[in-house]
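First the structure, in the form of structure tokens, and then the observations on it.
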Amino acid sequence: MTTREMKIFAAEIRKTVLYGLDTVKSGHIGGCMSMADLLAVLYGEVMNVDPKNPQLKTRDRLVVSKGHCGPAVYAALALKGYFPMEWMKTINLSQTKLPSHCDMNMVPGIDMTTGSLGQGMSTALGLAWGLRYQKINSYVYLVLGDGECDEGQVWEGALFAGTKKLNNIIAFVDQNLKQLDGYTKDICDVGDLRKKFEDFGWFAQEVNGNDVEEIKNAIEIAKLQVEKPSMIVLHTEKGKDCTFAQDVFYNHHMTFTEEQYEEAVHHLDEIIKEA
């Protein structure tokens with residue numbers, strides 16, 4: 001995709017998240033919106049995947065460790081044709097094929113079940129280690145939340161990856177500065193994430209995580225690293241481009257009205273027209 005197309009794709013992902021959650025009028029709005037630009041780059045330009053063959057052995061893998069943002073991943077998958085768009089209207093309903101958190105056993109295109117924060121780091125490294133062992137030249141992409149980086153398991157994994165020089169993993173921290181009940185700095189301050197990952201043996205960068213061009217360029221630079229795993233810290237805005245969530249402090253999980261939904265969709269439509 002071109003930069004313009006990726007911007008449009010990101011807005012469509014945000015719209016599709018809201019379309020899906022509109023049935024129950026609630027969901028993890030904040031983090032879904034902040035990571036939409038990253039998903040647009042990964043599914044629109046970067047990852048080697050095939051919607052017609054979700055289990056392609058040589059595909060790139062994606063592990064979204066902040067699994068509560070599954071609706072954003074589902075939106076990207078639906079827009080790419082992994083499953084019918086109608087499925088999105090069933091998120092969190094009884095008998096749904098799209099549970100709230102990422103589920104590899106129920107959703108075509110999901111590579112790892114996630115939701116228990118921190119564990120995605122370990123499973124992504126297992127995938128990367130396995131691909132190296134099988135001599136499959138594919139990448140594993142990992143998405144962590146900044147609040148999730150409070151978890152010790154993240155840093156055990158970071159140490160392992162740096163020690164083993166797993167250069168086939170490219171990880172991201174969605175650093176929107178907030179977690180469930182407040183600012184990350186007030187709950188458990190992780191400090192300079194870029195410097196921390198560098199100290200654990202990673203090649204690390206920082207970019208505007210709501211700018212598709214910056215994300216794409218950072219991934220291209222990361223792929224040039226042959227001796228280290230790569231971390232890209234994404235500076236994002238929680239609730240980005242969602243009119244009823246963007247300026248709300250507690251926007252991790254939200255309820256919303258039909259009027260708020262329609263206003264948000266109209267705003268995203270205007271973003272698409274402008275692009």
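Residues in the structure tokens are numbered from 1 in each chain, the chains being A, B, ... in the order shown, and ligands are numbered from 1 in the order shown.
Within range 166-265 of chain A, residues classed as strand (DSSP E) by DSSP on backbone coordinates are Ile169, Ile170, Ala171, Phe172, Val173, Asp174, Gln175, Lys178, Gln179, Gly182, Tyr183, Phe203, Ala204, Gln205, Glu206, Val207, Asn208, Ser230, Met231, Ile232, Val233, Leu234, His235, Met254 and Thr255 of chain A.
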Checklist entry - Counting only C-alpha atoms, what is within 8 Å of Asp111 in chain A, bar same-chain residues fewer than 6 positions away, as an NGL selection string? => result :A and (61-63 or 104)
Next, write the just-selected residues to a file, as an mmCIF file, in the first residue's frame, keeping N, CA, C and O atoms as the atom set.
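And here is the file that came out, out11.cif:
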data_model
loop_
_atom_site.group_PDB
_atom_site.id
_atom_site.type_symbol
_atom_site.label_atom_id
_atom_site.label_comp_id
_atom_site.auth_asym_id
_atom_site.auth_seq_id
_atom_site.Cartn_x
_atom_site.Cartn_y
_atom_site.Cartn_z
ATOM 1 N N ARG A 61 4.424 -14.127 11.387
ATOM 2 C CA ARG A 61 3.490 -14.303 12.498
ATOM 3 C C ARG A 61 3.296 -12.996 13.258
ATOM 4 O O ARG A 61 4.227 -12.201 13.359
ATOM 5 N N LEU A 62 2.096 -12.807 13.803
ATOM 6 C CA LEU A 62 1.811 -11.646 14.644
ATOM 7 C C LEU A 62 1.261 -12.122 15.979
ATOM 8 O O LEU A 62 0.286 -12.877 16.025
ATOM 9 N N VAL A 63 1.881 -11.666 17.059
ATOM 10 C CA VAL A 63 1.399 -11.949 18.411
ATOM 11 C C VAL A 63 1.051 -10.614 19.060
ATOM 12 O O VAL A 63 1.933 -9.790 19.298
ATOM 13 N N MET A 104 -6.535 -18.025 18.843
ATOM 14 C CA MET A 104 -6.044 -18.723 17.653
ATOM 15 C C MET A 104 -6.876 -19.950 17.311
ATOM 16 O O MET A 104 -6.824 -20.450 16.185
#
Checklist entry - Mind checking DSSP for range 21-202 of chain A and telling me the helix (DSSP H, G or I) residues as a ChimeraX atom specification? => result /A:21,29-34,36-46,67-80,85-90,119-133,147-150,152-164,184-187,193-199
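Nearest-residue note for His28 in chain A: choosing from A:Thr3, A:Gln134, A:Thr113, A:Asn92, the minimum distance belongs to A:Asn92, counting only C-alpha atoms.
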Item to check | Near-range 154-167 of chain A list (10 Å; only C-alpha atoms; drop same-chain fewer than 2 positions) as a VMD selection string | outcome: chain A and resid 117 to 126 128 to 129 132 139 to 140 144 148 to 152 169 to 170 196 to 203 222 to 231
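Nearest residue to Glu12 in chain A among A:Glu213, A:Glu270, A:Glu206, A:Glu220 is A:Glu270, counting only C-alpha atoms.
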Checklist entry - If we count only C-alpha atoms, what is near Thr96 in chain A at a cut-off of 12 Å, once residues fewer than 4 positions away on the same chain are taken out, given as number ranges by chain? => result A: 20, 86-92, 100-101, 103, 106-107
Export of prior selection with all heavy atoms as an mmCIF file, in the first residue's frame:
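Output file again.cif follows:
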data_model
loop_
_atom_site.group_PDB
_atom_site.id
_atom_site.type_symbol
_atom_site.label_atom_id
_atom_site.label_comp_id
_atom_site.auth_asym_id
_atom_site.auth_seq_id
_atom_site.Cartn_x
_atom_site.Cartn_y
_atom_site.Cartn_z
ATOM 1 N N GLY A 20 -18.060 -3.342 14.997
ATOM 2 C CA GLY A 20 -18.193 -4.595 15.722
ATOM 3 C C GLY A 20 -18.681 -4.408 17.148
ATOM 4 O O GLY A 20 -19.565 -5.129 17.620
ATOM 5 N N GLU A 86 -19.540 -9.810 8.580
ATOM 6 C CA GLU A 86 -20.684 -9.989 9.474
ATOM 7 C C GLU A 86 -20.271 -10.540 10.837
ATOM 8 O O GLU A 86 -20.948 -10.326 11.844
ATOM 9 C CB GLU A 86 -21.726 -10.918 8.840
ATOM 10 C CG GLU A 86 -22.462 -10.313 7.650
ATOM 11 C CD GLU A 86 -21.602 -10.262 6.394
ATOM 12 O OE1 GLU A 86 -20.612 -11.026 6.308
ATOM 13 O OE2 GLU A 86 -21.923 -9.458 5.495
ATOM 14 N N TRP A 87 -19.154 -11.270 10.874
ATOM 15 C CA TRP A 87 -18.682 -11.802 12.149
ATOM 16 C C TRP A 87 -18.421 -10.695 13.161
ATOM 17 O O TRP A 87 -18.565 -10.896 14.366
ATOM 18 C CB TRP A 87 -17.391 -12.598 11.948
ATOM 19 C CG TRP A 87 -17.541 -13.930 11.304
ATOM 20 C CD1 TRP A 87 -18.581 -14.384 10.553
ATOM 21 C CD2 TRP A 87 -16.581 -14.999 11.341
ATOM 22 N NE1 TRP A 87 -18.329 -15.657 10.104
ATOM 23 C CE2 TRP A 87 -17.114 -16.063 10.570
ATOM 24 C CE3 TRP A 87 -15.335 -15.154 11.914
ATOM 25 C CZ2 TRP A 87 -16.431 -17.262 10.388
ATOM 26 C CZ3 TRP A 87 -14.644 -16.349 11.742
ATOM 27 C CH2 TRP A 87 -15.191 -17.392 10.991
ATOM 28 N N MET A 88 -18.001 -9.524 12.668
ATOM 29 C CA MET A 88 -17.635 -8.435 13.583
ATOM 30 C C MET A 88 -18.812 -8.040 14.483
ATOM 31 O O MET A 88 -18.608 -7.610 15.625
ATOM 32 C CB MET A 88 -17.157 -7.214 12.798
ATOM 33 C CG MET A 88 -15.825 -7.394 12.096
ATOM 34 S SD MET A 88 -14.426 -7.679 13.231
ATOM 35 C CE MET A 88 -14.382 -6.130 14.145
ATOM 36 N N LYS A 89 -20.023 -8.186 14.000
ATOM 37 C CA LYS A 89 -21.194 -7.795 14.787
ATOM 38 C C LYS A 89 -21.469 -8.752 15.936
ATOM 39 O O LYS A 89 -22.360 -8.499 16.761
ATOM 40 C CB LYS A 89 -22.438 -7.708 13.893
ATOM 41 C CG LYS A 89 -22.347 -6.673 12.784
ATOM 42 C CD LYS A 89 -22.181 -5.268 13.334
ATOM 43 C CE LYS A 89 -23.443 -4.728 13.959
ATOM 44 N NZ LYS A 89 -23.300 -3.318 14.406
ATOM 45 N N THR A 90 -20.710 -9.837 16.021
ATOM 46 C CA THR A 90 -20.963 -10.835 17.067
ATOM 47 C C THR A 90 -19.931 -10.794 18.188
ATOM 48 O O THR A 90 -19.989 -11.623 19.104
ATOM 49 C CB THR A 90 -20.960 -12.252 16.466
ATOM 50 O OG1 THR A 90 -19.612 -12.620 16.092
ATOM 51 C CG2 THR A 90 -21.859 -12.342 15.245
ATOM 52 N N ILE A 91 -18.985 -9.862 18.143
ATOM 53 C CA ILE A 91 -17.942 -9.804 19.177
ATOM 54 C C ILE A 91 -18.574 -9.799 20.569
ATOM 55 O O ILE A 91 -19.472 -9.002 20.853
ATOM 56 C CB ILE A 91 -17.054 -8.564 19.003
ATOM 57 C CG1 ILE A 91 -16.226 -8.666 17.714
ATOM 58 C CG2 ILE A 91 -16.121 -8.387 20.194
ATOM 59 C CD1 ILE A 91 -15.391 -7.437 17.421
ATOM 60 N N ASN A 92 -18.101 -10.706 21.419
ATOM 61 C CA ASN A 92 -18.525 -10.802 22.824
ATOM 62 C C ASN A 92 -19.940 -11.348 23.021
ATOM 63 O O ASN A 92 -20.415 -11.396 24.156
ATOM 64 C CB ASN A 92 -18.411 -9.450 23.541
ATOM 65 C CG ASN A 92 -16.972 -9.122 23.887
ATOM 66 O OD1 ASN A 92 -16.099 -9.969 23.820
ATOM 67 N ND2 ASN A 92 -16.725 -7.870 24.233
ATOM 68 N N SER A 100 -13.589 -11.611 23.028
ATOM 69 C CA SER A 100 -12.995 -10.299 23.315
ATOM 70 C C SER A 100 -11.487 -10.277 23.103
ATOM 71 O O SER A 100 -10.936 -9.324 22.570
ATOM 72 C CB SER A 100 -13.318 -9.888 24.753
ATOM 73 O OG SER A 100 -12.720 -8.652 25.059
ATOM 74 N N HIS A 101 -10.805 -11.338 23.526
ATOM 75 C CA HIS A 101 -9.353 -11.411 23.403
ATOM 76 C C HIS A 101 -8.943 -12.331 22.248
ATOM 77 O O HIS A 101 -9.674 -13.241 21.886
ATOM 78 C CB HIS A 101 -8.732 -11.923 24.706
ATOM 79 C CG HIS A 101 -8.876 -10.979 25.862
ATOM 80 N ND1 HIS A 101 -10.099 -10.574 26.336
ATOM 81 C CD2 HIS A 101 -7.942 -10.355 26.630
ATOM 82 C CE1 HIS A 101 -9.918 -9.739 27.357
ATOM 83 N NE2 HIS A 101 -8.626 -9.589 27.546
ATOM 84 N N ASP A 103 -7.862 -15.125 19.907
ATOM 85 C CA ASP A 103 -8.017 -16.564 20.112
ATOM 86 C C ASP A 103 -7.651 -17.304 18.831
ATOM 87 O O ASP A 103 -8.379 -17.263 17.842
ATOM 88 C CB ASP A 103 -9.453 -16.874 20.519
ATOM 89 C CG ASP A 103 -9.629 -18.304 21.021
ATOM 90 O OD1 ASP A 103 -9.046 -19.224 20.408
ATOM 91 O OD2 ASP A 103 -10.347 -18.507 22.007
ATOM 92 N N MET A 106 -10.175 -20.059 17.385
ATOM 93 C CA MET A 106 -11.483 -19.683 16.871
ATOM 94 C C MET A 106 -11.428 -18.728 15.685
ATOM 95 O O MET A 106 -12.372 -18.656 14.907
ATOM 96 C CB MET A 106 -12.317 -19.035 17.988
ATOM 97 C CG MET A 106 -12.568 -19.942 19.178
ATOM 98 S SD MET A 106 -13.596 -19.165 20.451
ATOM 99 C CE MET A 106 -15.185 -19.153 19.630
ATOM 100 N N VAL A 107 -10.320 -18.010 15.543
ATOM 101 C CA VAL A 107 -10.280 -16.922 14.565
ATOM 102 C C VAL A 107 -9.227 -17.177 13.495
ATOM 103 O O VAL A 107 -8.033 -17.252 13.801
ATOM 104 C CB VAL A 107 -9.982 -15.577 15.260
ATOM 105 C CG1 VAL A 107 -10.119 -14.433 14.257
ATOM 106 C CG2 VAL A 107 -10.886 -15.363 16.458
#
Next on the checklist: Just want the 9 Å neighbourhood of Asp181 in chain A, counted on only C-alpha atoms, with same-chain residues fewer than 3 positions away dropped. Output as a PyMOL selection string.
Outcome noted: chain A and resi 178+184+187+250+252
Write a file of the selected residues as a PDB file, in the first residue's frame, keeping N, CA, C and O atoms.
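Saved to out20.pdb:
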ATOM      1  N   LYS A 178      -1.075   5.284  29.099  1.00  0.00           N
ATOM      2  CA  LYS A 178      -2.117   4.965  30.077  1.00  0.00           C
ATOM      3  C   LYS A 178      -2.388   3.467  30.101  1.00  0.00           C
ATOM      4  O   LYS A 178      -2.242   2.786  29.090  1.00  0.00           O
ATOM      5  N   THR A 184       0.636   5.313  33.209  1.00  0.00           N
ATOM      6  CA  THR A 184       1.644   4.295  33.520  1.00  0.00           C
ATOM      7  C   THR A 184       2.700   4.826  34.486  1.00  0.00           C
ATOM      8  O   THR A 184       3.181   4.105  35.359  1.00  0.00           O
ATOM      9  N   ILE A 187       1.473   4.475  38.066  1.00  0.00           N
ATOM     10  CA  ILE A 187       1.175   3.133  38.564  1.00  0.00           C
ATOM     11  C   ILE A 187       2.447   2.326  38.775  1.00  0.00           C
ATOM     12  O   ILE A 187       2.672   1.745  39.837  1.00  0.00           O
ATOM     13  N   TYR A 250     -10.323   8.040  31.353  1.00  0.00           N
ATOM     14  CA  TYR A 250     -10.521   6.594  31.517  1.00  0.00           C
ATOM     15  C   TYR A 250     -11.124   6.025  30.227  1.00  0.00           C
ATOM     16  O   TYR A 250     -12.341   5.843  30.110  1.00  0.00           O
ATOM     17  N   HIS A 252      -9.761   3.146  28.643  1.00  0.00           N
ATOM     18  CA  HIS A 252      -9.248   1.786  28.413  1.00  0.00           C
ATOM     19  C   HIS A 252     -10.387   0.884  27.943  1.00  0.00           C
ATOM     20  O   HIS A 252     -10.291   0.250  26.894  1.00  0.00           O
TER      21      HIS A 252
END
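Checking A:Asn137, A:Gln179, A:Asp22, A:Asp269 one by one against Gly239 in chain A, counting only C-alpha atoms, you find the shortest gap at A:Gln179.
For the choices A:Asn168, A:Val41, A:Ala36, A:Lys238, the atom-to-atom distance to Thr2 in chain A is smallest for A:Val41 when using only C-alpha atoms.
Distance check against Ala171 in chain A using only C-alpha atoms: of A:Pro54, A:Gly191, A:Gly67, A:Gly145, the minimum falls on A:Gly145.
One distance worth recording is that between CA of Lys66 in chain A and CA of Val233 in chain A, which is 14.6 Å.
Taking CA of Arg14 in chain A as the reference point, CA of Cys32 in chain A is found at 7.6 Å.
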Next on the checklist: Which residues are near Met254 in chain A? Cut-off 10 Å, only C-alpha atoms, ignore same chain within fewer than 5 positions. Put them as an MDAnalysis selection string.
Outcome noted: chainID A and resid 25:30 244:245 248
